[in-house]
$ cat entry34.txt   # compact mmCIF, C-alpha atoms
# COMPACT_ATOMS: atom_id res chain seq x y z
CA MET A 1 -14.80 -0.04 35.48
CA SER A 2 -16.75 -2.36 37.69
CA ASP A 3 -18.06 0.60 39.66
CA ASN A 4 -20.05 2.07 36.78
CA PRO A 5 -23.56 3.07 37.76
CA THR A 6 -26.30 1.21 35.97
CA ARG A 7 -28.54 2.78 33.38
CA GLY A 8 -31.77 4.47 34.28
CA ALA A 9 -34.51 5.51 31.91
CA ARG A 10 -33.29 6.94 28.61
CA THR A 11 -33.27 10.72 28.50
CA ALA A 12 -34.53 12.84 25.61
CA ALA A 13 -30.90 13.47 24.64
CA GLU A 14 -30.23 9.72 24.47
CA TRP A 15 -33.35 9.18 22.38
CA THR A 16 -32.17 11.94 20.03
CA THR A 17 -28.77 10.29 19.63
CA LEU A 18 -30.44 6.96 18.97
CA ALA A 19 -32.75 8.49 16.36
CA CYS A 20 -29.85 10.19 14.56
CA SER A 21 -27.85 6.96 14.71
CA CYS A 22 -30.73 4.97 13.24
CA LEU A 23 -30.96 7.54 10.45
CA VAL A 24 -27.22 7.28 9.68
CA LEU A 25 -27.30 3.48 9.61
CA ALA A 26 -30.52 3.45 7.59
CA VAL A 27 -28.93 5.66 4.92
CA LEU A 28 -25.81 3.49 4.89
CA VAL A 29 -27.72 0.23 4.61
CA ALA A 30 -30.07 1.70 1.99
CA LEU A 31 -27.13 2.81 -0.17
CA ILE A 32 -25.58 -0.64 0.07
CA ALA A 33 -28.85 -2.49 -0.43
CA ALA A 34 -29.68 -0.38 -3.49
CA ARG A 35 -26.60 -1.85 -5.14
CA LEU A 36 -27.51 -5.44 -4.25
CA GLY A 37 -29.83 -6.03 -7.16
CA GLU A 38 -27.74 -4.24 -9.75
CA ASP A 39 -26.18 -6.19 -12.58
CA ARG A 40 -22.45 -5.69 -12.23
CA ASP A 41 -20.58 -5.06 -15.43
CA PRO A 42 -17.06 -6.48 -15.52
CA ALA A 43 -14.15 -4.09 -15.15
CA SER A 44 -13.52 -2.06 -18.27
CA PRO A 45 -10.66 0.43 -17.88
CA VAL A 46 -10.11 2.81 -20.79
CA ALA A 47 -7.25 5.32 -21.22
CA VAL A 48 -7.61 8.59 -23.14
CA ILE A 49 -5.41 11.65 -23.60
CA ASP A 50 -6.74 14.54 -21.54
CA GLY A 51 -6.22 18.12 -22.67
CA GLU A 52 -3.29 19.80 -24.36
CA ILE A 53 0.28 18.53 -24.27
CA ARG A 54 2.44 20.67 -22.00
CA SER A 55 6.14 21.45 -22.50
CA SER A 56 8.53 21.95 -19.60
CA ASP A 57 12.35 22.02 -19.60
CA GLY A 58 12.51 20.47 -23.05
CA LEU A 59 10.19 17.62 -22.08
CA HIS A 60 6.63 17.06 -23.21
CA HIS A 61 4.00 16.08 -20.64
CA VAL A 62 0.93 14.17 -21.78
CA ASP A 63 -2.00 13.98 -19.35
CA VAL A 64 -3.89 10.70 -19.55
CA VAL A 65 -7.12 9.80 -17.75
CA VAL A 66 -7.91 6.15 -17.11
CA THR A 67 -11.56 5.44 -16.32
CA ASN A 68 -13.04 2.13 -15.28
CA TYR A 69 -16.44 2.04 -17.00
CA GLY A 70 -17.31 -1.30 -15.41
CA ASP A 71 -18.65 -1.97 -11.92
CA ASP A 72 -15.97 -4.42 -10.80
CA THR A 73 -12.53 -3.33 -9.69
CA ALA A 74 -9.53 -3.71 -11.97
CA ALA A 75 -6.13 -4.37 -10.37
CA ASN A 76 -2.63 -3.84 -11.75
CA VAL A 77 -3.97 -1.86 -14.70
CA GLN A 78 -1.19 -1.59 -17.29
CA VAL A 79 -1.33 1.64 -19.33
CA SER A 80 0.96 2.05 -22.35
CA ALA A 81 1.73 5.10 -24.44
CA GLU A 82 3.47 4.84 -27.82
CA LEU A 83 4.87 7.80 -29.73
CA THR A 84 5.72 7.09 -33.38
CA ILE A 85 7.83 9.65 -35.27
CA ASP A 86 9.18 8.77 -38.73
CA GLY A 87 8.72 5.09 -38.01
CA GLU A 88 10.67 5.25 -34.74
CA VAL A 89 8.60 4.15 -31.73
CA THR A 90 9.08 5.41 -28.17
CA ALA A 91 7.05 3.47 -25.62
CA ALA A 92 6.26 4.09 -21.96
CA ASP A 93 4.26 2.08 -19.41
CA GLN A 94 2.60 2.80 -16.09
CA THR A 95 0.66 0.65 -13.63
CA ILE A 96 -2.36 1.56 -11.50
CA ASP A 97 -2.65 -0.67 -8.44
CA PHE A 98 -6.44 -0.55 -8.05
CA LEU A 99 -9.16 1.11 -10.09
CA ALA A 100 -12.64 0.74 -8.65
CA GLY A 101 -15.79 0.71 -10.77
CA ASP A 102 -16.58 4.19 -12.15
CA GLU A 103 -13.32 5.47 -10.72
CA GLU A 104 -10.82 7.46 -12.74
CA GLU A 105 -7.12 8.00 -12.29
CA GLU A 106 -4.90 10.67 -13.83
CA LEU A 107 -1.46 9.78 -15.21
CA VAL A 108 1.25 11.84 -16.90
CA PHE A 109 3.55 10.42 -19.59
CA VAL A 110 6.74 12.30 -20.39
CA PHE A 111 8.45 12.25 -23.80
CA GLU A 112 11.63 13.92 -25.00
CA ASP A 113 10.24 14.23 -28.54
CA ASP A 114 7.28 16.44 -29.27
CA PRO A 115 4.16 14.27 -29.75
CA ALA A 116 2.91 16.92 -32.20
CA ASP A 117 5.58 15.72 -34.64
CA GLY A 118 4.23 12.18 -34.77
CA GLU A 119 1.41 9.89 -33.74
CA LEU A 120 0.69 9.26 -30.06
CA THR A 121 -1.50 6.43 -28.85
CA VAL A 122 -2.42 5.45 -25.28
CA ALA A 123 -4.16 2.25 -24.30
CA VAL A 124 -4.84 -0.11 -21.43
CA THR A 125 -2.87 -3.24 -22.26
CA GLY A 126 -4.08 -5.45 -19.43
CA PHE A 127 -5.33 -5.74 -15.84
CA ALA A 128 -6.01 -8.30 -13.17
CA VAL A 129 -9.41 -9.16 -11.68
CA PRO A 130 -9.00 -9.12 -7.89
CA MET B 1 -18.63 6.07 43.52
CA PRO B 2 -21.91 5.35 41.81
CA ALA B 3 -23.52 8.16 43.74
CA THR B 4 -20.74 10.51 42.70
CA ALA B 5 -21.03 9.54 39.09
CA THR B 6 -24.78 9.92 39.14
CA LYS B 7 -24.44 13.29 40.83
CA GLN B 8 -21.88 14.37 38.23
CA ARG B 9 -24.13 13.18 35.44
CA ALA B 10 -27.03 15.12 36.86
CA SER B 11 -24.90 18.26 37.23
CA GLU B 12 -23.72 17.94 33.62
CA GLY B 13 -27.25 17.94 32.29
CA PRO B 14 -28.61 15.26 30.00
CA TRP B 15 -27.64 16.98 26.72
CA ARG B 16 -24.08 17.76 27.78
CA SER B 17 -23.73 14.28 29.24
CA GLU B 18 -24.92 12.78 25.97
CA LEU B 19 -22.59 14.98 23.92
CA LEU B 20 -19.66 13.87 26.07
CA ALA B 21 -20.70 10.24 25.60
CA VAL B 22 -20.58 10.69 21.82
CA VAL B 23 -17.21 12.47 22.08
CA ARG B 24 -15.96 9.59 24.24
CA ALA B 25 -17.18 7.11 21.66
CA ALA B 26 -15.46 8.95 18.82
CA SER B 27 -12.26 9.29 20.83
CA GLY B 28 -12.22 5.60 21.70
CA GLY B 29 -12.75 4.73 18.06
CA LEU B 30 -9.89 6.96 16.97
CA LEU B 31 -7.54 5.49 19.57
CA PHE B 32 -8.24 2.00 18.30
CA GLY B 33 -8.84 2.60 14.62
CA VAL B 34 -6.31 5.17 13.44
CA PRO B 35 -3.50 2.78 12.41
CA LEU B 36 -5.78 0.87 10.05
CA LEU B 37 -6.84 4.13 8.38
CA TYR B 38 -3.31 4.36 7.01
CA THR B 39 -3.36 0.89 5.46
CA MET B 40 -3.90 0.89 1.71
CA GLU B 41 -4.77 -2.80 1.63
CA VAL B 42 -7.88 -2.01 3.65
CA TRP B 43 -8.81 0.77 1.22
CA TRP B 44 -8.45 -1.70 -1.62
CA THR B 45 -10.41 -4.40 0.17
CA GLY B 46 -13.23 -1.93 0.66
CA THR B 47 -12.94 -0.80 -2.94
CA HIS B 48 -13.54 -4.20 -4.50
CA SER B 49 -15.95 -5.61 -1.93
CA THR B 50 -19.48 -6.40 -3.02
CA PRO B 51 -22.62 -4.94 -1.38
CA ARG B 52 -23.37 -8.39 0.06
CA GLN B 53 -19.93 -8.53 1.70
CA MET B 54 -20.44 -5.04 3.16
CA LEU B 55 -23.75 -6.04 4.74
CA VAL B 56 -22.19 -9.21 6.16
CA VAL B 57 -19.35 -7.15 7.66
CA LEU B 58 -21.86 -4.77 9.30
CA VAL B 59 -23.90 -7.66 10.73
CA LEU B 60 -20.82 -9.50 12.00
CA LEU B 61 -19.39 -6.28 13.44
CA SER B 62 -22.53 -5.62 15.43
CA ILE B 63 -22.06 -8.88 17.39
CA PRO B 64 -18.81 -8.04 19.23
CA VAL B 65 -19.89 -4.40 19.60
CA PHE B 66 -23.13 -5.57 21.27
CA ALA B 67 -21.16 -7.89 23.56
CA LEU B 68 -18.79 -5.08 24.49
CA ASN B 69 -21.67 -2.70 25.17
CA ARG B 70 -23.17 -5.19 27.61
CA THR B 71 -19.95 -5.18 29.64
CA THR B 72 -18.09 -1.97 28.85
CA GLY B 73 -19.31 0.33 26.11
CA PHE B 74 -18.72 4.04 25.79
CA ARG B 75 -21.10 5.36 28.42
CA LYS B 76 -20.35 6.03 32.05
CA GLN B 77 -23.32 3.89 32.95
CA ARG B 78 -23.15 0.17 32.40
CA ASP B 79 -25.77 -1.45 30.20
CA VAL B 80 -27.65 -4.11 32.06
CA HIS B 81 -30.56 -4.57 29.68
CA ALA B 82 -30.12 -6.07 26.26
CA ALA B 83 -32.30 -3.32 24.81
CA ASP B 84 -29.94 -0.63 26.11
CA ALA B 85 -26.93 -2.51 24.77
CA ALA B 86 -28.66 -2.90 21.41
CA ALA B 87 -29.39 0.83 21.29
CA ASP B 88 -25.79 1.62 22.19
CA THR B 89 -24.65 -0.79 19.47
CA ILE B 90 -26.62 1.15 16.88
CA GLU B 91 -25.09 4.38 18.17
CA ALA B 92 -21.59 2.91 18.20
CA LEU B 93 -21.93 1.74 14.61
CA ALA B 94 -23.31 5.10 13.51
CA VAL B 95 -20.59 7.10 15.28
CA GLY B 96 -17.94 4.72 13.95
CA VAL B 97 -19.19 5.01 10.39
CA ALA B 98 -19.52 8.81 10.59
CA VAL B 99 -16.07 9.42 12.10
CA THR B 100 -14.47 6.95 9.70
CA ALA B 101 -16.05 8.71 6.73
CA LEU B 102 -14.91 12.10 8.04
CA VAL B 103 -11.30 10.98 8.46
CA LEU B 104 -11.26 9.26 5.07
CA VAL B 105 -12.48 12.48 3.47
CA LEU B 106 -9.78 14.43 5.34
CA LEU B 107 -7.14 11.97 4.12
CA GLN B 108 -8.49 12.37 0.56
CA GLU B 109 -9.26 8.67 0.34
CA ILE B 110 -12.86 9.60 -0.38
CA THR B 111 -13.27 12.45 -2.85
CA LEU B 112 -15.90 13.59 -5.33
CA ASP B 113 -14.16 11.33 -7.88
CA THR B 114 -14.61 8.24 -5.70
CA SER B 115 -17.48 6.04 -6.81
CA VAL B 116 -20.30 5.44 -4.34
CA GLY B 117 -19.54 1.72 -4.16
CA ALA B 118 -15.86 2.27 -3.42
CA ALA B 119 -16.64 4.93 -0.80
CA LEU B 120 -19.15 2.64 0.94
CA GLY B 121 -16.68 -0.24 0.94
CA LYS B 122 -13.87 1.87 2.37
CA VAL B 123 -16.11 3.28 5.11
CA VAL B 124 -17.52 -0.11 6.08
CA TYR B 125 -14.17 -1.90 6.28
CA GLU B 126 -12.31 0.97 7.94
CA SER B 127 -15.06 1.39 10.52
CA VAL B 128 -14.52 -2.13 11.92
CA PRO B 129 -11.69 -1.19 14.32
CA PHE B 130 -13.40 2.14 15.01
CA CYS B 131 -16.58 0.48 16.22
CA ILE B 132 -14.69 -2.05 18.34
CA GLY B 133 -12.71 0.84 19.81
CA ILE B 134 -15.99 2.53 20.70
CA GLY B 135 -17.14 -0.67 22.37
CA VAL B 136 -14.14 -0.65 24.70
CA ALA B 137 -13.89 3.13 25.10
CA ARG B 138 -14.55 2.98 28.82
CA HIS B 139 -11.79 0.44 29.33
CA PHE B 140 -9.12 2.55 27.67
CA LEU B 141 -6.34 3.87 29.77
CA HIS B 142 -6.65 2.37 33.22
CA ALA B 143 -5.37 4.06 36.31
CA GLY B 144 -1.92 5.51 35.96
CA ARG B 145 0.55 6.89 38.42
CA THR B 146 -1.66 9.96 38.98
CA ASP B 147 -4.64 7.90 39.99
CA PRO B 148 -5.87 8.97 43.40
CA ASP B 149 -6.45 5.36 44.38
CA ASP B 150 -2.81 4.41 44.12
CA GLY B 151 -1.60 7.19 46.35
CA GLY B 152 0.66 8.64 43.68
CA GLY B 153 0.28 11.82 41.73
CA SER B 154 2.61 14.06 39.87
CA SER B 155 0.80 17.12 41.10
CA GLY B 156 2.01 16.33 44.55
CA SER B 157 5.69 16.80 43.66
CA ASP B 158 7.51 19.11 45.98
CA GLY B 159 10.58 21.28 45.88
CA ASN B 160 11.87 23.19 42.89
CA ASP B 161 10.85 20.41 40.51
CA SER B 162 7.13 20.86 41.19
CA THR B 163 6.58 22.58 37.84
CA LEU B 164 9.41 21.14 35.80
CA ASN B 165 8.72 17.48 36.52
CA PRO B 166 5.06 17.43 35.43
CA THR B 167 6.02 19.38 32.32
CA LEU B 168 8.79 16.98 31.42
CA ALA B 169 6.54 14.04 32.23
CA ASP B 170 3.85 15.34 29.90
CA LEU B 171 6.25 16.08 27.06
CA SER B 172 7.83 12.66 27.48
CA ALA B 173 4.46 10.96 27.62
CA SER B 174 3.34 12.76 24.46
CA ALA B 175 6.53 11.72 22.69
CA VAL B 176 6.29 8.09 23.81
CA GLY B 177 2.59 7.83 22.95
CA ALA B 178 3.14 9.48 19.57
CA THR B 179 6.00 7.09 18.83
CA PHE B 180 3.96 4.09 19.95
CA ILE B 181 1.13 4.76 17.49
CA SER B 182 3.02 6.26 14.54
CA LEU B 183 6.10 4.01 14.56
CA SER B 184 4.34 1.32 12.55
CA ILE B 185 2.91 3.88 10.09
CA ALA B 186 6.02 5.98 9.41
CA PRO B 187 7.87 3.50 7.13
CA THR B 188 4.84 2.74 4.95
CA ASP B 189 4.07 4.10 1.49
CA GLU B 190 0.70 5.40 2.66
CA VAL B 191 2.19 8.53 4.24
CA PRO B 192 3.77 9.96 1.06
CA MET B 193 0.77 8.73 -0.93
CA ILE B 194 -1.69 10.64 1.26
CA ALA B 195 0.59 13.66 1.61
CA GLY B 196 1.00 13.88 -2.15
CA ALA B 197 -2.73 14.34 -2.61
CA MET B 198 -3.04 17.01 0.10
CA SER B 199 -3.60 20.65 -0.79
CA PRO B 200 -2.63 23.32 1.78
CA ALA B 201 -6.30 23.74 2.71
CA TRP B 202 -6.67 20.02 3.44
CA LEU B 203 -3.45 20.08 5.48
CA LEU B 204 -4.88 22.90 7.59
CA ALA B 205 -8.08 20.89 8.05
CA LEU B 206 -6.04 17.86 9.14
CA ILE B 207 -4.12 20.01 11.63
CA ALA B 208 -7.44 21.25 13.05
CA MET B 209 -8.72 17.66 13.26
CA SER B 210 -5.52 16.56 15.02
CA LEU B 211 -5.81 19.33 17.61
CA ALA B 212 -9.54 18.73 18.15
CA THR B 213 -9.01 14.98 18.54
CA SER B 214 -6.14 15.44 20.97
CA TYR B 215 -8.20 17.89 23.06
CA ALA B 216 -11.25 15.61 23.02
CA ILE B 217 -9.32 12.53 24.12
CA VAL B 218 -7.56 14.25 27.02
CA PHE B 219 -10.01 16.88 28.23
CA ALA B 220 -13.51 16.00 27.05
CA ALA B 221 -13.98 12.27 26.60
CA GLY B 222 -13.96 11.49 30.31
CA PHE B 223 -11.35 8.78 30.06
CA HIS B 224 -9.55 7.71 33.18
CA GLY B 225 -7.16 10.46 34.27
CA GLN B 226 -9.08 13.37 32.78
CA GLY B 227 -9.72 14.86 36.19
CA THR B 228 -6.03 14.90 37.04
CA ARG B 229 -5.26 16.43 33.65
CA HIS B 230 -7.40 19.45 34.49
CA THR B 231 -5.55 19.95 37.79
CA GLN B 232 -2.10 18.98 36.55
CA GLU B 233 0.71 21.39 37.35
CA GLY B 234 3.49 22.41 35.01
CA ALA B 235 4.48 25.05 32.50
CA PHE B 236 1.98 24.02 29.82
CA GLN B 237 -0.91 22.72 31.90
CA ARG B 238 -3.72 24.75 30.48
CA PRO B 239 -5.87 22.59 28.21
CA ILE B 240 -5.40 24.66 25.05
CA THR B 241 -1.69 25.28 25.67
CA GLU B 242 -1.06 21.66 26.54
CA THR B 243 -2.92 20.51 23.42
CA VAL B 244 -0.92 22.78 21.12
CA VAL B 245 2.46 21.99 22.73
CA SER B 246 1.75 18.27 22.67
CA TYR B 247 0.78 18.51 19.01
CA LEU B 248 4.10 20.19 18.28
CA VAL B 249 5.82 17.32 20.11
CA SER B 250 3.83 14.85 18.00
CA LEU B 251 4.85 16.66 14.81
CA THR B 252 8.48 16.53 15.95
CA VAL B 253 8.18 12.81 16.61
CA ALA B 254 6.62 12.36 13.17
CA GLY B 255 9.52 14.23 11.57
CA LEU B 256 12.09 12.18 13.47
CA LEU B 257 10.42 8.92 12.48
CA LEU B 258 10.29 9.97 8.83
CA TRP B 259 14.01 10.76 9.06
CA LEU B 260 14.69 7.47 10.85
CA PHE B 261 13.02 5.50 8.07
CA GLN B 262 14.61 7.75 5.41
CA ARG B 263 11.23 9.09 4.38
CA GLU B 264 12.19 12.75 4.60
CA VAL B 265 12.22 14.59 1.30
CA ASP B 266 13.12 17.91 -0.28
CA PRO B 267 11.67 20.47 -0.59
CA PRO B 268 10.74 21.21 3.02
CA SER B 269 7.11 21.79 2.06
CA ASP B 270 6.80 18.11 1.09
CA LEU B 271 8.41 17.06 4.35
CA LEU B 272 5.95 19.29 6.21
CA SER B 273 3.02 17.65 4.41
CA ARG B 274 4.24 14.20 5.44
CA MET B 275 4.78 15.38 9.02
CA VAL B 276 1.21 16.70 9.18
CA VAL B 277 -0.18 13.46 7.72
CA LEU B 278 1.81 11.32 10.17
CA GLY B 279 1.14 13.90 12.87
CA PHE B 280 -2.53 12.91 13.08
CA PRO B 281 -1.95 9.38 14.44
CA ALA B 282 0.99 10.76 16.42
CA ALA B 283 -1.33 13.32 18.07
CA VAL B 284 -3.81 10.56 18.94
CA GLY B 285 -0.97 8.53 20.47
CA GLY B 286 0.40 11.57 22.26
CA ALA B 287 -2.98 12.26 23.84
CA ALA B 288 -3.25 8.65 24.99
CA GLY B 289 0.27 8.87 26.40
CA ARG B 290 -0.56 11.92 28.51
CA LEU B 291 -3.60 10.20 29.98
CA ALA B 292 -1.56 7.11 30.75
CA ILE B 293 1.07 8.83 32.90

$ encode --input "entry34.txt" --output "structure tokens"
Amino acid sequence: MSDNPTRGARTAAEWTTLACSCLVLAVLVALIAARLGEDRDPASPVAVIDGEIRSSDGLHHVDVVVTNYGDDTAANVQVSAELTIDGEVTAADQTIDFLAGDEEEELVFVFEDDPADGELTVAVTGFAVP
Amino acid sequence: MPATATKQRASEGPWRSELLAVVRAASGGLLFGVPLLYTMEVWWTGTHSTPRQMLVVLVLLSIPVFALNRTTGFRKQRDVHAADAAADTIEALAVGVAVTALVLVLLQEITLDTSVGAALGKVVYESVPFCIGIGVARHFLHAGRTDPDDGGGSSGSDGNDSTLNPTLADLSASAVGATFISLSIAPTDEVPMIAGAMSPAWLLALIAMSLATSYAIVFAAGFHGQGTRHTQEGAFQRPITETVVSYLVSLTVAGLLLWLFQREVDPPSDLLSRMVVLGFPAAVGGAAGRLAI
């Protein structure tokens, strides 16, 4: 495009675009800068059972919410659920690839036995710090 | 040529000319940045980046964008003064950030559940190719076979093929362009991951975005070849009709690629969701393909 005409004086429309652009970038930079001075808590993912257990086709679905209460990201978050009925333990595991600070992820564990007949526990068993 | 361009600019009016410049910038960013939007590693990098790293990325990004604006940029007029290039750099960064954020929201990678830090990181990192694409927007899609300078032109076809050939050429170009962009995205896990989070309303919004982007790239952004697109002959050569038909071609290409990489699924509604998700980059590629012929 070597034949492009050169720029003349900026028009009102160009000034408007520039003003809006400055506003957008100012908001972006302000949001980032506001987080500069914050003390960052280490990643702290926690898993809890969310709501009622649902039954479908003879299987029992358990909704679990995993929330990272820290500021840093947790990677490869291992979430385990253990259902104990009459001393017999059924365990299940799931992995969340990345969980940013303050972010939450919803999981569903599926058991053949009814969790209401025993004791169900869910927990984060480990994660990596990226 | 400069006189013509200046005359055209004057006839467009300053506000319309400026709007088209912004559309051109957004279109250039989409052409360059869409593949990286479908890369989960970039989402993750943005997610766990620190505020300091984000600011460094923005500062470093502004350097090549400034250099590109001094030579190319997204405006029809070349920047000769550093102040103009600096102003265009600010605008390129702002447009890049805004369009990136919009697409990430459409792809459900930024939702109300996303933390502010993660959203900022995703937008900043994903906007890097967008902003560079804006910086080279004017250099996209050089003269093709319909360029008046090379003496060619599909509109000059004669005989009974005068309508059929341009139509076939456009459909083929859409298919090739769609394949070119979406081939590297189709086999990845990102497509089913994004499609799985899409509600019907979001899918409709993504379809609207795909059509609007395709129209903007071909008929509004002022890329090379736009003039010939408006005068192109053929069965579908009305802007709206051509945009819709080309989008259908892009969706077909997306479906074929999903089948090729064994990514098709039952029920059909899930397959349709994946086709729409992959159809967005395919539509961008299809639009670029039609300008390139």

$ residues_around --input "entry34.txt" --residues "Leu25 of chain A" --least-positions-apart "2" --cutoff "9 Å" --atoms "all atoms listed in the file" --output "PDB file with C-alpha atoms, in the coordinates of the input"
ATOM      1  CA  CYS A  20     -29.850  10.190  14.560  1.00  0.00           C
ATOM      2  CA  SER A  21     -27.850   6.960  14.710  1.00  0.00           C
ATOM      3  CA  CYS A  22     -30.730   4.970  13.240  1.00  0.00           C
ATOM      4  CA  LEU A  23     -30.960   7.540  10.450  1.00  0.00           C
ATOM      5  CA  VAL A  27     -28.930   5.660   4.920  1.00  0.00           C
ATOM      6  CA  LEU A  28     -25.810   3.490   4.890  1.00  0.00           C
ATOM      7  CA  VAL A  29     -27.720   0.230   4.610  1.00  0.00           C
ATOM      8  CA  ALA A  30     -30.070   1.700   1.990  1.00  0.00           C
TER       9      ALA A  30
ATOM     10  CA  ILE B  90     -26.620   1.150  16.880  1.00  0.00           C
ATOM     11  CA  GLU B  91     -25.090   4.380  18.170  1.00  0.00           C
ATOM     12  CA  LEU B  93     -21.930   1.740  14.610  1.00  0.00           C
ATOM     13  CA  ALA B  94     -23.310   5.100  13.510  1.00  0.00           C
ATOM     14  CA  VAL B  97     -19.190   5.010  10.390  1.00  0.00           C
TER      15      VAL B  97
END

$ closest_residue --input "entry34.txt" --among "A:Leu83, A:Val129, A:Val122, A:Val62" --to "chain B" --atoms "only C-alpha atoms"
A:Val129

$ residues_around --input "entry34.txt" --residues "Leu107 of chain A" --least-positions-apart "3" --cutoff "7 Å" --atoms "only C-alpha atoms" --output "list of chain:residue names"
A:Asp63, A:Val64, A:Val65

$ residues_around --input "entry34.txt" --residues "Ala74 of chain A" --least-positions-apart "2" --cutoff "6 Å" --atoms "all atoms listed in the file" --output "list in words"
Ala43, Phe98, Leu99, Ala128 and Val129 of chain A

$ closest_atom_pairs --input "entry34.txt" --of "chain A" --to "chain B" --cutoff "10 Å" --atoms "only C-alpha atoms" --output "Markdown table"
| residue | atom | partner | partner_atom | distance |
| --- | --- | --- | --- | --- |
| A:Met1 | CA | B:His139 | CA | 6.9 |
| A:Ser2 | CA | B:Arg78 | CA | 8.7 |
| A:Asp3 | CA | B:Pro2 | CA | 6.5 |
| A:Asn4 | CA | B:Gln77 | CA | 5.4 |
| A:Pro5 | CA | B:Gln77 | CA | 4.9 |
| A:Thr6 | CA | B:Arg78 | CA | 4.9 |
| A:Arg7 | CA | B:Gln77 | CA | 5.4 |
| A:Gly8 | CA | B:Gln77 | CA | 8.6 |
| A:Ala9 | CA | B:Asp84 | CA | 9.6 |
| A:Arg10 | CA | B:Asp84 | CA | 8.6 |
| A:Thr11 | CA | B:Pro14 | CA | 6.7 |
| A:Ala12 | CA | B:Pro14 | CA | 7.8 |
| A:Ala13 | CA | B:Trp15 | CA | 5.2 |
| A:Glu14 | CA | B:Glu18 | CA | 6.3 |
| A:Trp15 | CA | B:Ala87 | CA | 9.3 |
| A:Thr16 | CA | B:Glu18 | CA | 9.4 |
| A:Thr17 | CA | B:Glu91 | CA | 7.1 |
| A:Leu18 | CA | B:Glu91 | CA | 6.0 |
| A:Ala19 | CA | B:Glu91 | CA | 8.9 |
| A:Cys20 | CA | B:Glu91 | CA | 8.3 |
| A:Ser21 | CA | B:Ala94 | CA | 5.1 |
| A:Cys22 | CA | B:Ile90 | CA | 6.7 |
| A:Leu23 | CA | B:Ala94 | CA | 8.6 |
| A:Val24 | CA | B:Ala94 | CA | 5.9 |
| A:Leu25 | CA | B:Ala94 | CA | 5.8 |
| A:Ala26 | CA | B:Ala94 | CA | 9.5 |
| A:Leu28 | CA | B:Leu120 | CA | 7.8 |
| A:Val29 | CA | B:Leu55 | CA | 7.4 |
| A:Leu31 | CA | B:Leu120 | CA | 8.1 |
| A:Ile32 | CA | B:Pro51 | CA | 5.4 |
| A:Ala33 | CA | B:Pro51 | CA | 6.8 |
| A:Ala34 | CA | B:Pro51 | CA | 8.7 |
| A:Arg35 | CA | B:Pro51 | CA | 6.3 |
| A:Leu36 | CA | B:Pro51 | CA | 5.7 |
| A:Gly37 | CA | B:Pro51 | CA | 9.3 |
| A:Glu38 | CA | B:Pro51 | CA | 9.8 |
| A:Arg40 | CA | B:Thr50 | CA | 9.7 |
| A:Asp71 | CA | B:Gly117 | CA | 8.6 |
| A:Asp72 | CA | B:His48 | CA | 6.8 |
| A:Thr73 | CA | B:His48 | CA | 5.4 |
| A:Ala74 | CA | B:His48 | CA | 8.5 |
| A:Ala75 | CA | B:Trp44 | CA | 9.4 |
| A:Asp97 | CA | B:Trp44 | CA | 9.0 |
| A:Phe98 | CA | B:Trp44 | CA | 6.8 |
| A:Leu99 | CA | B:Thr47 | CA | 8.3 |
| A:Ala100 | CA | B:Thr47 | CA | 5.9 |
| A:Gly101 | CA | B:Ser115 | CA | 6.9 |
| A:Asp102 | CA | B:Ser115 | CA | 5.7 |
| A:Glu103 | CA | B:Ser115 | CA | 5.7 |
| A:Glu104 | CA | B:Asp113 | CA | 7.1 |
| A:Glu105 | CA | B:Asp113 | CA | 8.9 |
| A:Val129 | CA | B:His48 | CA | 9.7 |
| A:Pro130 | CA | B:His48 | CA | 7.5 |

$ atom_distance --input "entry34.txt" --atom1 "atom CA of Gly87 of chain A" --atom2 "atom CA of Gly58 of chain A"
21.8 Å

$ atom_distance --input "entry34.txt" --atom1 "atom CA of Glu41 of chain B" --atom2 "atom CA of Met193 of chain B"
13.0 Å

$ closest_residue --input "entry34.txt" --among "B:Ala197, B:Ala186, B:Ile181, B:Leu256" --to "Leu278 of chain B" --atoms "all atoms listed in the file"
B:Ala186
